[in-house]
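**Student:** Sharing structure-v6.pdb, PDB, C-alpha atoms (C1' of nucleotides):
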```
MODEL        1
ATOM      1  CA  MET A   1      15.210  29.720 -36.574
ATOM      2  CA  TYR A   2      12.951  27.527 -34.486
ATOM      3  CA  SER A   3      11.471  24.154 -35.310
ATOM      4  CA  ILE A   4       7.804  23.601 -34.540
ATOM      5  CA  GLY A   5       8.872  21.698 -31.412
ATOM      6  CA  ASP A   6      10.937  24.674 -30.190
ATOM      7  CA  LEU A   7       7.991  26.957 -30.743
ATOM      8  CA  SER A   8       5.742  24.572 -28.876
ATOM      9  CA  ARG A   9       8.053  24.337 -25.872
ATOM     10  CA  ARG A  10       8.546  28.083 -25.701
ATOM     11  CA  THR A  11       4.890  29.063 -25.964
ATOM     12  CA  GLY A  12       3.175  26.096 -24.389
ATOM     13  CA  VAL A  13       1.050  25.621 -27.510
ATOM     14  CA  LYS A  14       0.943  21.991 -28.612
ATOM     15  CA  ILE A  15       2.390  21.074 -31.976
ATOM     16  CA  PRO A  16      -0.856  19.994 -33.673
ATOM     17  CA  THR A  17      -2.433  23.202 -32.374
ATOM     18  CA  ILE A  18       0.272  25.289 -34.035
ATOM     19  CA  ARG A  19      -0.409  23.540 -37.310
ATOM     20  CA  TYR A  20      -4.105  24.095 -36.762
ATOM     21  CA  TYR A  21      -3.543  27.831 -36.222
ATOM     22  CA  GLU A  22      -1.600  27.916 -39.462
ATOM     23  CA  GLN A  23      -4.537  26.296 -41.235
ATOM     24  CA  MET A  24      -6.919  28.785 -39.634
ATOM     25  CA  GLY A  25      -4.791  31.678 -40.838
ATOM     26  CA  LEU A  26      -3.720  32.943 -37.415
ATOM     27  CA  ILE A  27      -0.075  32.473 -38.270
ATOM     28  CA  ALA A  28       1.462  32.512 -41.740
ATOM     29  CA  ALA A  29       2.812  29.375 -43.362
ATOM     30  CA  PRO A  30       6.502  29.544 -42.409
ATOM     31  CA  GLU A  31       9.586  28.745 -44.435
ATOM     32  CA  ARG A  32      10.501  25.110 -44.729
ATOM     33  CA  SER A  33      13.782  23.267 -44.319
ATOM     34  CA  GLU A  34      15.159  21.254 -47.218
ATOM     35  CA  GLY A  35      13.353  18.276 -45.747
ATOM     36  CA  ASN A  36      10.029  20.185 -45.691
ATOM     37  CA  GLN A  37       9.998  20.905 -41.960
ATOM     38  CA  ARG A  38       8.635  24.214 -40.634
ATOM     39  CA  ARG A  39      11.217  26.826 -39.615
ATOM     40  CA  TYR A  40      10.051  29.843 -37.635
ATOM     41  CA  GLU A  41      11.494  33.281 -36.965
ATOM     42  CA  LYS A  42      11.402  34.996 -33.613
ATOM     43  CA  SER A  43       8.510  37.199 -34.715
ATOM     44  CA  GLU A  44       6.323  34.123 -35.084
ATOM     45  CA  LEU A  45       7.172  33.184 -31.541
ATOM     46  CA  GLU A  46       5.837  36.512 -30.304
ATOM     47  CA  ARG A  47       2.770  36.216 -32.449
ATOM     48  CA  LEU A  48       2.043  32.774 -31.114
ATOM     49  CA  ALA A  49       2.529  33.970 -27.542
ATOM     50  CA  PHE A  50      -0.025  36.700 -28.251
ATOM     51  CA  ILE A  51      -2.456  34.101 -29.563
ATOM     52  CA  ARG A  52      -1.871  31.839 -26.609
ATOM     53  CA  HIS A  53      -2.497  34.620 -24.174
ATOM     54  CA  ALA A  54      -5.665  35.710 -25.921
ATOM     55  CA  ARG A  55      -6.958  32.109 -26.039
ATOM     56  CA  ASP A  56      -6.209  31.741 -22.324
ATOM     57  CA  LEU A  57      -8.432  34.758 -21.799
ATOM     58  CA  GLY A  58     -11.113  32.956 -23.756
ATOM     59  CA  LEU A  59     -11.132  35.110 -26.893
ATOM     60  CA  SER A  60     -12.342  33.346 -30.019
ATOM     61  CA  ILE A  61     -10.137  32.562 -32.981
ATOM     62  CA  ASP A  62     -12.057  35.147 -34.987
ATOM     63  CA  SER A  63     -11.529  37.877 -32.414
ATOM     64  CA  ILE A  64      -7.870  37.028 -32.239
ATOM     65  CA  ARG A  65      -7.561  37.241 -35.988
ATOM     66  CA  ASP A  66      -9.049  40.729 -35.810
ATOM     67  CA  LEU A  67      -6.781  41.804 -32.970
ATOM     68  CA  LEU A  68      -3.715  40.527 -34.801
ATOM     69  CA  ALA A  69      -4.728  42.430 -37.913
ATOM     70  CA  LEU A  70      -5.148  45.586 -35.813
ATOM     71  CA  SER A  71      -1.772  45.178 -34.171
ATOM     72  CA  GLN A  72      -0.171  45.375 -37.607
ATOM     73  CA  HIS A  73      -1.331  49.018 -37.842
ATOM     74  CA  PRO A  74       0.023  50.847 -34.801
ATOM     75  CA  GLU A  75      -1.038  54.210 -36.199
ATOM     76  CA  ARG A  76      -4.744  53.455 -36.369
ATOM     77  CA  PRO A  77      -7.138  54.325 -33.569
ATOM     78  CA  CYS A  78      -7.624  51.475 -31.153
ATOM     79  CA  GLY A  79     -11.350  51.739 -30.536
ATOM     80  CA  GLU A  80     -11.946  48.450 -32.294
ATOM     81  CA  ALA A  81      -9.505  46.569 -30.066
ATOM     82  CA  ASP A  82     -11.190  48.083 -27.075
ATOM     83  CA  ARG A  83     -14.583  47.035 -28.383
ATOM     84  CA  ILE A  84     -13.502  43.423 -28.908
ATOM     85  CA  ALA A  85     -12.088  43.166 -25.402
ATOM     86  CA  SER A  86     -15.094  44.888 -23.823
ATOM     87  CA  GLU A  87     -17.543  42.670 -25.617
ATOM     88  CA  HIS A  88     -15.650  39.648 -24.464
ATOM     89  CA  LEU A  89     -15.677  40.955 -20.910
ATOM     90  CA  ALA A  90     -19.448  41.283 -21.146
ATOM     91  CA  THR A  91     -19.692  37.676 -22.370
ATOM     92  CA  VAL A  92     -17.555  36.495 -19.486
ATOM     93  CA  ARG A  93     -19.751  38.367 -17.030
ATOM     94  CA  GLU A  94     -22.871  36.825 -18.496
ATOM     95  CA  LYS A  95     -21.364  33.368 -18.185
ATOM     96  CA  ILE A  96     -20.490  34.028 -14.563
ATOM     97  CA  ALA A  97     -24.018  35.181 -13.820
ATOM     98  CA  ARG A  98     -25.512  32.135 -15.462
ATOM     99  CA  LEU A  99     -23.179  29.741 -13.711
ATOM    100  CA  LYS A 100     -23.988  31.312 -10.353
ATOM    101  CA  LYS A 101     -27.655  30.586 -10.877
ATOM    102  CA  LEU A 102     -26.803  26.999 -11.736
ATOM    103  CA  GLU A 103     -24.611  26.827  -8.660
ATOM    104  CA  GLN A 104     -27.522  27.894  -6.461
ATOM    105  CA  GLU A 105     -29.873  25.393  -8.013
ATOM    106  CA  LEU A 106     -27.351  22.590  -7.739
ATOM    107  CA  GLU A 107     -26.655  23.460  -4.120
ATOM    108  CA  ARG A 108     -30.324  23.005  -3.371
ATOM    109  CA  ILE A 109     -30.454  19.760  -5.265
ATOM    110  CA  VAL A 110     -27.335  18.346  -3.684
ATOM    111  CA  ALA A 111     -28.754  18.925  -0.221
ATOM    112  CA  CYS A 112     -29.801  15.273  -0.535
ATOM    113  CA  ASP A 113     -27.464  13.490   1.859
ATOM    114  CA  GLY A 114     -26.980  10.333  -0.201
ATOM    115  CA  ASN A 115     -28.061   8.079   2.622
ATOM    116  CA  HIS A 116     -31.343   6.797   1.319
ATOM    117  CA  THR A 117     -32.827   5.344  -1.846
ATOM    118  CA  VAL A 118     -33.299   6.644  -5.355
ATOM    119  CA  GLY A 119     -37.070   6.576  -4.864
ATOM    120  CA  ASP A 120     -36.991   9.568  -2.549
ATOM    121  CA  CYS A 121     -33.696  11.095  -3.676
ATOM    122  CA  TYR A 122     -33.944  14.835  -3.949
ATOM    123  CA  VAL A 123     -31.476  14.921  -6.834
ATOM    124  CA  ILE A 124     -33.649  12.680  -8.977
ATOM    125  CA  ARG A 125     -36.916  14.252  -7.968
ATOM    126  CA  ALA A 126     -35.662  17.785  -8.542
ATOM    127  CA  LEU A 127     -34.486  16.881 -12.028
ATOM    128  CA  ALA A 128     -37.787  15.239 -12.855
ATOM    129  CA  ASP A 129     -39.851  18.145 -11.603
ATOM    130  CA  HIS A 130     -38.878  21.561 -12.833
ATOM    131  CA  SER A 131     -41.415  23.252 -10.592
ATOM    132  CA  MET A 132     -39.140  22.527  -7.626
ATOM    133  CA  CYS A 133     -36.653  25.109  -8.928
ATOM    134  CA  GLU A 134     -36.277  28.565  -7.489
ATOM    135  CA  ASN A 135     -34.889  30.328 -10.545
ATOM    136  CA  GLU A 136     -36.186  29.836 -13.977
ATOM    137  CA  HIS A 137     -33.498  28.585 -16.354
TER     138      HIS A 137
ATOM    139  CA  MET B   1     -49.619   9.396 -28.490
ATOM    140  CA  TYR B   2     -47.470  12.365 -29.383
ATOM    141  CA  SER B   3     -45.688  13.112 -32.616
ATOM    142  CA  ILE B   4     -42.111  14.333 -32.403
ATOM    143  CA  GLY B   5     -43.391  17.852 -33.021
ATOM    144  CA  ASP B   6     -45.798  17.600 -30.061
ATOM    145  CA  LEU B   7     -42.977  16.390 -27.870
ATOM    146  CA  SER B   8     -40.792  19.232 -29.025
ATOM    147  CA  ARG B   9     -43.411  21.884 -28.295
ATOM    148  CA  ARG B  10     -44.190  20.465 -24.877
ATOM    149  CA  THR B  11     -40.608  20.120 -23.677
ATOM    150  CA  GLY B  12     -38.871  22.912 -25.573
ATOM    151  CA  VAL B  13     -36.367  20.413 -26.991
ATOM    152  CA  LYS B  14     -35.879  20.919 -30.712
ATOM    153  CA  ILE B  15     -36.856  18.125 -33.085
ATOM    154  CA  PRO B  16     -33.376  17.304 -34.381
ATOM    155  CA  THR B  17     -32.192  17.298 -30.775
ATOM    156  CA  ILE B  18     -34.819  14.704 -29.834
ATOM    157  CA  ARG B  19     -33.646  12.470 -32.659
ATOM    158  CA  TYR B  20     -30.076  13.071 -31.533
ATOM    159  CA  TYR B  21     -30.958  11.991 -27.984
ATOM    160  CA  GLU B  22     -32.505   8.845 -29.393
ATOM    161  CA  GLN B  23     -29.279   8.126 -31.255
ATOM    162  CA  MET B  24     -27.279   8.778 -28.080
ATOM    163  CA  GLY B  25     -29.427   6.323 -26.175
ATOM    164  CA  LEU B  26     -30.991   8.839 -23.782
ATOM    165  CA  ILE B  27     -34.463   7.938 -24.941
ATOM    166  CA  ALA B  28     -35.580   4.644 -26.435
ATOM    167  CA  ALA B  29     -36.532   4.326 -30.095
ATOM    168  CA  PRO B  30     -40.315   4.826 -29.958
ATOM    169  CA  GLU B  31     -43.091   3.059 -31.826
ATOM    170  CA  ARG B  32     -43.710   4.184 -35.376
ATOM    171  CA  SER B  33     -46.874   5.036 -37.254
ATOM    172  CA  GLU B  34     -47.762   3.102 -40.405
ATOM    173  CA  GLY B  35     -45.914   5.771 -42.331
ATOM    174  CA  ASN B  36     -42.784   5.332 -40.175
ATOM    175  CA  GLN B  37     -43.188   8.448 -38.080
ATOM    176  CA  ARG B  38     -42.261   8.440 -34.383
ATOM    177  CA  ARG B  39     -45.119   8.114 -31.875
ATOM    178  CA  TYR B  40     -44.408   8.751 -28.211
ATOM    179  CA  GLU B  41     -46.159   7.867 -24.977
ATOM    180  CA  LYS B  42     -46.561  10.215 -22.062
ATOM    181  CA  SER B  43     -43.706   8.557 -20.178
ATOM    182  CA  GLU B  44     -41.308   9.658 -22.892
ATOM    183  CA  LEU B  45     -42.498  13.198 -22.428
ATOM    184  CA  GLU B  46     -41.530  13.064 -18.758
ATOM    185  CA  ARG B  47     -38.212  11.475 -19.539
ATOM    186  CA  LEU B  48     -37.415  14.171 -22.061
ATOM    187  CA  ALA B  49     -38.379  16.888 -19.578
ATOM    188  CA  PHE B  50     -35.945  15.333 -17.116
ATOM    189  CA  ILE B  51     -33.226  15.396 -19.744
ATOM    190  CA  ARG B  52     -33.994  18.957 -20.700
ATOM    191  CA  HIS B  53     -33.826  20.079 -17.122
ATOM    192  CA  ALA B  54     -30.560  18.299 -16.488
ATOM    193  CA  ARG B  55     -29.041  19.760 -19.665
ATOM    194  CA  ASP B  56     -30.182  23.222 -18.595
ATOM    195  CA  LEU B  57     -28.249  22.661 -15.410
ATOM    196  CA  GLY B  58     -25.228  21.824 -17.544
ATOM    197  CA  LEU B  59     -24.999  18.090 -16.849
ATOM    198  CA  SER B  60     -23.313  16.070 -19.568
ATOM    199  CA  ILE B  61     -25.117  13.536 -21.717
ATOM    200  CA  ASP B  62     -23.147  10.788 -19.981
ATOM    201  CA  SER B  63     -24.122  11.958 -16.518
ATOM    202  CA  ILE B  64     -27.743  12.182 -17.588
ATOM    203  CA  ARG B  65     -27.633   8.660 -18.943
ATOM    204  CA  ASP B  66     -26.388   7.509 -15.555
ATOM    205  CA  LEU B  67     -29.028   9.468 -13.661
ATOM    206  CA  LEU B  68     -31.784   8.090 -15.874
ATOM    207  CA  ALA B  69     -30.529   4.571 -15.298
ATOM    208  CA  LEU B  70     -30.546   5.205 -11.549
ATOM    209  CA  SER B  71     -34.057   6.595 -11.611
ATOM    210  CA  GLN B  72     -35.246   3.254 -12.990
ATOM    211  CA  HIS B  73     -34.298   1.639  -9.674
ATOM    212  CA  PRO B  74     -36.095   3.524  -6.896
ATOM    213  CA  GLU B  75     -35.096   0.940  -4.318
ATOM    214  CA  ARG B  76     -31.366   1.386  -4.683
ATOM    215  CA  PRO B  77     -29.331   3.751  -2.519
ATOM    216  CA  CYS B  78     -28.972   7.162  -4.081
ATOM    217  CA  GLY B  79     -25.367   7.925  -3.191
ATOM    218  CA  GLU B  80     -24.394   7.708  -6.832
ATOM    219  CA  ALA B  81     -26.951  10.331  -7.896
ATOM    220  CA  ASP B  82     -25.706  12.545  -5.147
ATOM    221  CA  ARG B  83     -22.120  12.060  -6.272
ATOM    222  CA  ILE B  84     -22.905  12.998  -9.882
ATOM    223  CA  ALA B  85     -24.697  16.177  -8.852
ATOM    224  CA  SER B  86     -21.993  17.127  -6.344
ATOM    225  CA  GLU B  87     -19.230  16.584  -8.839
ATOM    226  CA  HIS B  88     -21.041  18.734 -11.306
ATOM    227  CA  LEU B  89     -21.480  21.432  -8.690
ATOM    228  CA  ALA B  90     -17.738  21.358  -8.092
ATOM    229  CA  THR B  91     -17.126  21.732 -11.825
ATOM    230  CA  VAL B  92     -19.484  24.686 -11.976
ATOM    231  CA  ARG B  93     -17.684  26.311  -9.055
ATOM    232  CA  GLU B  94     -14.331  25.828 -10.736
ATOM    233  CA  LYS B  95     -15.624  27.432 -13.892
ATOM    234  CA  ILE B  96     -16.938  30.375 -11.924
ATOM    235  CA  ALA B  97     -13.585  30.835 -10.200
ATOM    236  CA  ARG B  98     -11.729  30.677 -13.467
ATOM    237  CA  LEU B  99     -14.054  33.107 -15.196
ATOM    238  CA  LYS B 100     -13.724  35.553 -12.317
ATOM    239  CA  LYS B 101      -9.980  35.643 -12.801
ATOM    240  CA  LEU B 102     -10.481  36.278 -16.496
ATOM    241  CA  GLU B 103     -12.970  38.972 -15.652
ATOM    242  CA  GLN B 104     -10.397  40.723 -13.468
ATOM    243  CA  GLU B 105      -7.722  40.505 -16.122
ATOM    244  CA  LEU B 106     -10.054  41.728 -18.837
ATOM    245  CA  GLU B 107     -11.173  44.627 -16.651
ATOM    246  CA  ARG B 108      -7.582  45.719 -16.356
ATOM    247  CA  ILE B 109      -7.005  45.344 -20.064
ATOM    248  CA  VAL B 110     -10.168  47.162 -21.042
ATOM    249  CA  ALA B 111      -9.163  50.162 -18.939
ATOM    250  CA  CYS B 112      -7.762  51.430 -22.249
ATOM    251  CA  ASP B 113     -10.213  54.184 -23.169
ATOM    252  CA  GLY B 114     -10.222  53.565 -26.922
ATOM    253  CA  ASN B 115      -9.279  57.140 -27.727
ATOM    254  CA  HIS B 116      -5.785  56.664 -29.046
ATOM    255  CA  THR B 117      -3.871  54.493 -31.468
ATOM    256  CA  VAL B 118      -3.151  50.783 -31.662
ATOM    257  CA  GLY B 119       0.540  51.501 -31.071
ATOM    258  CA  ASP B 120      -0.020  52.366 -27.435
ATOM    259  CA  CYS B 121      -3.291  50.521 -26.894
ATOM    260  CA  TYR B 122      -3.305  48.726 -23.585
ATOM    261  CA  VAL B 123      -5.467  45.911 -24.961
ATOM    262  CA  ILE B 124      -2.928  45.034 -27.622
ATOM    263  CA  ARG B 125       0.098  45.507 -25.417
ATOM    264  CA  ALA B 126      -1.356  43.453 -22.604
ATOM    265  CA  LEU B 127      -2.091  40.596 -24.954
ATOM    266  CA  ALA B 128       1.384  40.732 -26.411
ATOM    267  CA  ASP B 129       3.083  40.817 -23.040
ATOM    268  CA  HIS B 130       1.960  38.238 -20.560
ATOM    269  CA  SER B 131       4.136  39.728 -17.819
ATOM    270  CA  MET B 132       1.657  42.586 -17.522
ATOM    271  CA  CYS B 133      -0.869  40.196 -15.994
ATOM    272  CA  GLU B 134      -1.666  40.043 -12.312
ATOM    273  CA  ASN B 135      -2.861  36.460 -12.105
ATOM    274  CA  GLU B 136      -1.187  33.628 -13.803
ATOM    275  CA  HIS B 137      -3.511  31.815 -16.192
TER     276      HIS B 137
ATOM    277  C1'  DT C   1      26.437   5.351 -39.756
ATOM    278  C1'  DC C   2      23.025   4.181 -36.655
ATOM    279  C1'  DT C   3      19.087   5.308 -34.203
ATOM    280  C1'  DA C   4      16.116   7.980 -31.175
ATOM    281  C1'  DT C   5      13.588  11.862 -31.674
ATOM    282  C1'  DT C   6      11.138  14.932 -34.150
ATOM    283  C1'  DG C   7       8.645  16.177 -37.996
ATOM    284  C1'  DC C   8       5.388  15.529 -42.075
ATOM    285  C1'  DT C   9       0.340  14.807 -44.014
ATOM    286  C1'  DC C  10      -4.084  13.177 -43.655
ATOM    287  C1'  DC C  11      -7.893  11.782 -41.155
ATOM    288  C1'  DA C  12     -11.027  10.852 -37.248
ATOM    289  C1'  DG C  13     -13.033  12.074 -32.899
ATOM    290  C1'  DA C  14     -14.766  14.816 -29.083
ATOM    291  C1'  DA C  15     -19.635  17.489 -27.318
ATOM    292  C1'  DG C  16     -23.914  18.701 -28.303
ATOM    293  C1'  DC C  17     -26.217  19.899 -31.262
ATOM    294  C1'  DT C  18     -27.886  22.361 -35.960
ATOM    295  C1'  DA C  19     -28.711  22.597 -40.787
ATOM    296  C1'  DT C  20     -29.377  21.040 -45.373
ATOM    297  C1'  DA C  21     -30.932  18.059 -49.162
ATOM    298  C1'  DG C  22     -34.119  15.297 -51.045
ATOM    299  C1'  DG C  23     -37.812  12.659 -50.291
ATOM    300  C1'  DT C  24     -42.482  10.735 -47.774
ATOM    301  C1'  DT C  25     -46.578  10.992 -44.640
ATOM    302  C1'  DT C  26     -50.242  13.263 -42.464
ATOM    303  C1'  DG C  27     -54.342  15.740 -41.832
ATOM    304  C1'  DA C  28     -57.485  19.525 -42.772
ATOM    305  C1'  DG C  29     -60.292  21.871 -46.163
ATOM    306  C1'  DG C  30     -62.959  21.592 -50.353
TER     307       DG C  30
ATOM    308  C1'  DC D   1     -62.073  11.422 -52.349
ATOM    309  C1'  DC D   2     -58.517  14.716 -53.620
ATOM    310  C1'  DT D   3     -55.157  18.154 -52.919
ATOM    311  C1'  DC D   4     -51.666  20.564 -50.803
ATOM    312  C1'  DA D   5     -49.091  22.539 -47.150
ATOM    313  C1'  DA D   6     -47.090  21.281 -43.035
ATOM    314  C1'  DA D   7     -44.802  18.021 -40.690
ATOM    315  C1'  DC D   8     -42.036  14.099 -40.851
ATOM    316  C1'  DC D   9     -38.263  10.809 -42.548
ATOM    317  C1'  DT D  10     -32.987   9.503 -43.372
ATOM    318  C1'  DA D  11     -28.414  10.563 -44.163
ATOM    319  C1'  DT D  12     -24.854  13.555 -44.036
ATOM    320  C1'  DA D  13     -22.112  17.548 -43.130
ATOM    321  C1'  DG D  14     -20.881  21.469 -40.327
ATOM    322  C1'  DC D  15     -19.886  24.086 -36.140
ATOM    323  C1'  DT D  16     -15.615  25.133 -32.602
ATOM    324  C1'  DT D  17     -11.102  24.342 -30.989
ATOM    325  C1'  DC D  18      -8.389  21.481 -30.771
ATOM    326  C1'  DT D  19      -6.251  16.429 -29.905
ATOM    327  C1'  DG D  20      -4.592  12.008 -31.128
ATOM    328  C1'  DG D  21      -3.209   8.307 -34.224
ATOM    329  C1'  DA D  22      -1.291   5.987 -38.426
ATOM    330  C1'  DG D  23       2.268   5.611 -41.448
ATOM    331  C1'  DC D  24       6.228   7.464 -43.168
ATOM    332  C1'  DA D  25      10.396  11.016 -43.731
ATOM    333  C1'  DA D  26      13.989  14.037 -41.809
ATOM    334  C1'  DT D  27      17.201  15.423 -38.357
ATOM    335  C1'  DA D  28      20.655  15.367 -34.666
ATOM    336  C1'  DG D  29      23.656  13.326 -31.474
ATOM    337  C1'  DA D  30      26.865   9.365 -30.338
TER     338       DA D  30
ENDMDL
END
```
Please go through the file and, once you have read it, give me the structure as structure tokens.
**Tutor:**
Amino acid sequence: MYSIGDLSRRTGVKIPTIRYYEQMGLIAAPERSEGNQRRYEKSELERLAFIRHARDLGLSIDSIRDLLALSQHPERPCGEADRIASEHLATVREKIARLKKLEQELERIVACDGNHTVGDCYVIRALADHSMCENEH
Amino acid sequence: MYSIGDLSRRTGVKIPTIRYYEQMGLIAAPERSEGNQRRYEKSELERLAFIRHARDLGLSIDSIRDLLALSQHPERPCGEADRIASEHLATVREKIARLKKLEQELERIVACDGNHTVGDCYVIRALADHSMCENEH
DNA sequence: TCTATTGCTCCAGAAGCTATAGGTTTGAGG
DNA sequence: CCTCAAACCTATAGCTTCTGGAGCAATAGA
């Protein structure tokens, strides 16, 4: 049996976050000690590690809930799990694409060398005048 | 004089967002009509366009507040504006790098073809077992 | 037994909006 | 001038995923 602190140390998930996941229904409310403290089994440790890993990959709480539900049914087809992961991959790729455009625009803006005054600063002027941009955003 | 709706249409910033920016101190509380409705001057339109543009580039409200304050003083050196933009560029680059790692990991995970059962689904197993990852994250 | 550490619940805040409820003002057509 | 729909007002709550604090109770080691 692990205390919430044990669980936290072993998974790297902070204590309030564990309680939050319980509230959100990602992990079940565990047994309690006589003094009302949470006591976890090893299976909860694995479940929490799963959640942690999925969060690190940027999956939403809702997606994780779905994936956890799926993992309870090893005999079912796994197309749904695949779909969730693929969709998330697509989202990640979109974010990368968008950020790269921003990177380009910021590179152009930052070309200002910082050695003059605000009045003719490229950073300020570029922000004030959208027409100076190369991409639309 | 523009109503808040005019301002919204011309800048693409939604009405509640304009009021929110006023609350956050990005734009000054404007004059009011006899019936207590907001009435803006052209200068506010330009200021809001600046804000919109900066937000589109992903700058934080705080950074924008600083940049707006700087732009009020055209005679000052612009090193600070340059620093804000450069820092933001660095943040964007970090995000891109991080997302690329996630992309790689998700690509590996998604290699599961979806045509079998949850029990041997690579998506589920990879999430459950961090040691299957190539990068640490 | 004492006490440092850990745990409990409840609540607020962070970021940047968005939405809803319930009411008032405006402006165009008749 | 009157009406009525559209636009506006304030105040408040909600979204997402936690994180931190206050104030108090339980546990574990010396």
**Student:** Compute the set of chain C residues within 9 Å of chain B, using only C-alpha atoms (C1' of nucleotides), and express it as a list of chain:residue names.
**Tutor:** C:DA15, C:DG16, C:DC17, C:DT18, C:DT24, C:DT25, C:DT26
**Student:** Those same residues - C-alpha atoms (C1' of nucleotides) - I'd like them written as a short mmCIF file (atom, residue, chain, number, x, y, z; two decimals), in the frame of the given file.
**Tutor:**
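Result file is out-v2.cif:
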```
data_model
loop_
_atom_site.label_atom_id
_atom_site.label_comp_id
_atom_site.auth_asym_id
_atom_site.auth_seq_id
_atom_site.Cartn_x
_atom_site.Cartn_y
_atom_site.Cartn_z
"C1'" DA C 15 -19.64 17.49 -27.32
"C1'" DG C 16 -23.91 18.70 -28.30
"C1'" DC C 17 -26.22 19.90 -31.26
"C1'" DT C 18 -27.89 22.36 -35.96
"C1'" DT C 24 -42.48 10.74 -47.77
"C1'" DT C 25 -46.58 10.99 -44.64
"C1'" DT C 26 -50.24 13.26 -42.46
#
```
**Student:** Using the chain letters and numbering of this document, enumerate as a ChimeraX atom specification the residues selected by the PyMOL selection byres ((chain A) within 7 of (chain B)).
**Tutor:** /A:49-50,53-54,56-57,70-71,73-79,81-82,85-86,89,92-93,96,99,102-103,106,110,112,114-119,121,123-124,127-128,130,137
**Student:** Report, in Å with one decimal, the straight-line distance from atom CA of Glu44 of chain A to atom CA of Ile27 of chain A.
**Tutor:** 7.3 Å
**Student:** If the PyMOL selection byres ((chain D and resi 25) around 9) is run on the structure shown, which residues does it catch, given as a list of chain:residue names?
**Tutor:** A:Gly35, C:DG7, C:DC8, D:DC24, D:DA26
**Student:** Where does the PyMOL selection byres ((chain D) within 10 of (chain A)) land in this file, that is, which residues does it pick, as a list in words?
**Tutor:**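 Answer for the PyMOL selection byres ((chain D) within 10 of (chain A)): DT16, DT17, DC18, DT19, DG20, DA25, DA26 and DT27 of chain D.
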**Student:** Between atom CA of Leu26 of chain B and atom CA of Ser63 of chain B, what distance in Å does the model show, to one decimal?
**Tutor:**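 Taking atom CA of Leu26 of chain B as the start and atom CA of Ser63 of chain B as the end point, the length is 10.5 Å.
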**Student:** So how many Å separate atom CA of Thr11 of chain B and atom C1' of DG27 of chain C, to one decimal?
**Tutor:**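 That distance, rounded to one decimal, is 23.2 Å.
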**Student:** Padding of 8 Å on every side, edges along x, y and z, all listed atoms of segment 51-63 of chain B included: what centre and edge lengths in Å, to one decimal, does that box have, as AutoDock Vina command-line options?
**Tutor:**
```
--center_x -28.6 --center_y 17.0 --center_z -18.6 --size_x 26.8 --size_y 28.4 --size_z 22.3
```
**Student:** Hey, what's within 12 Å of DA22 of chain D if we count all atoms listed in the file and toss same-chain stuff fewer than 6 positions away? As a PDB file with C-alpha atoms (C1' of nucleotides), keeping the file's coordinate frame, please?
**Tutor:**
```pdb
ATOM      1  C1'  DT C   9       0.340  14.807 -44.014  1.00  0.00           C
ATOM      2  C1'  DC C  10      -4.084  13.177 -43.655  1.00  0.00           C
ATOM      3  C1'  DC C  11      -7.893  11.782 -41.155  1.00  0.00           C
ATOM      4  C1'  DA C  12     -11.027  10.852 -37.248  1.00  0.00           C
TER       5       DA C  12
END
```
**Student:** Which one of B:Arg39, B:Leu59, B:Arg65, B:Leu45 sits closest to Met1 of chain B if you count all atoms listed in the file?
**Tutor:**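 Distance minimum relative to Met1 of chain B lands on B:Arg39.
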**Student:** Counting only C-alpha atoms (C1' of nucleotides), which residues sit no farther than 10 Å from the position (-30.4, 20.3, -47.7) in the file's frame? I'd like them as a list in words.
**Tutor:**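 Selection result: DA19, DT20, DA21 and DG22 of chain C; DT12 and DA13 of chain D.
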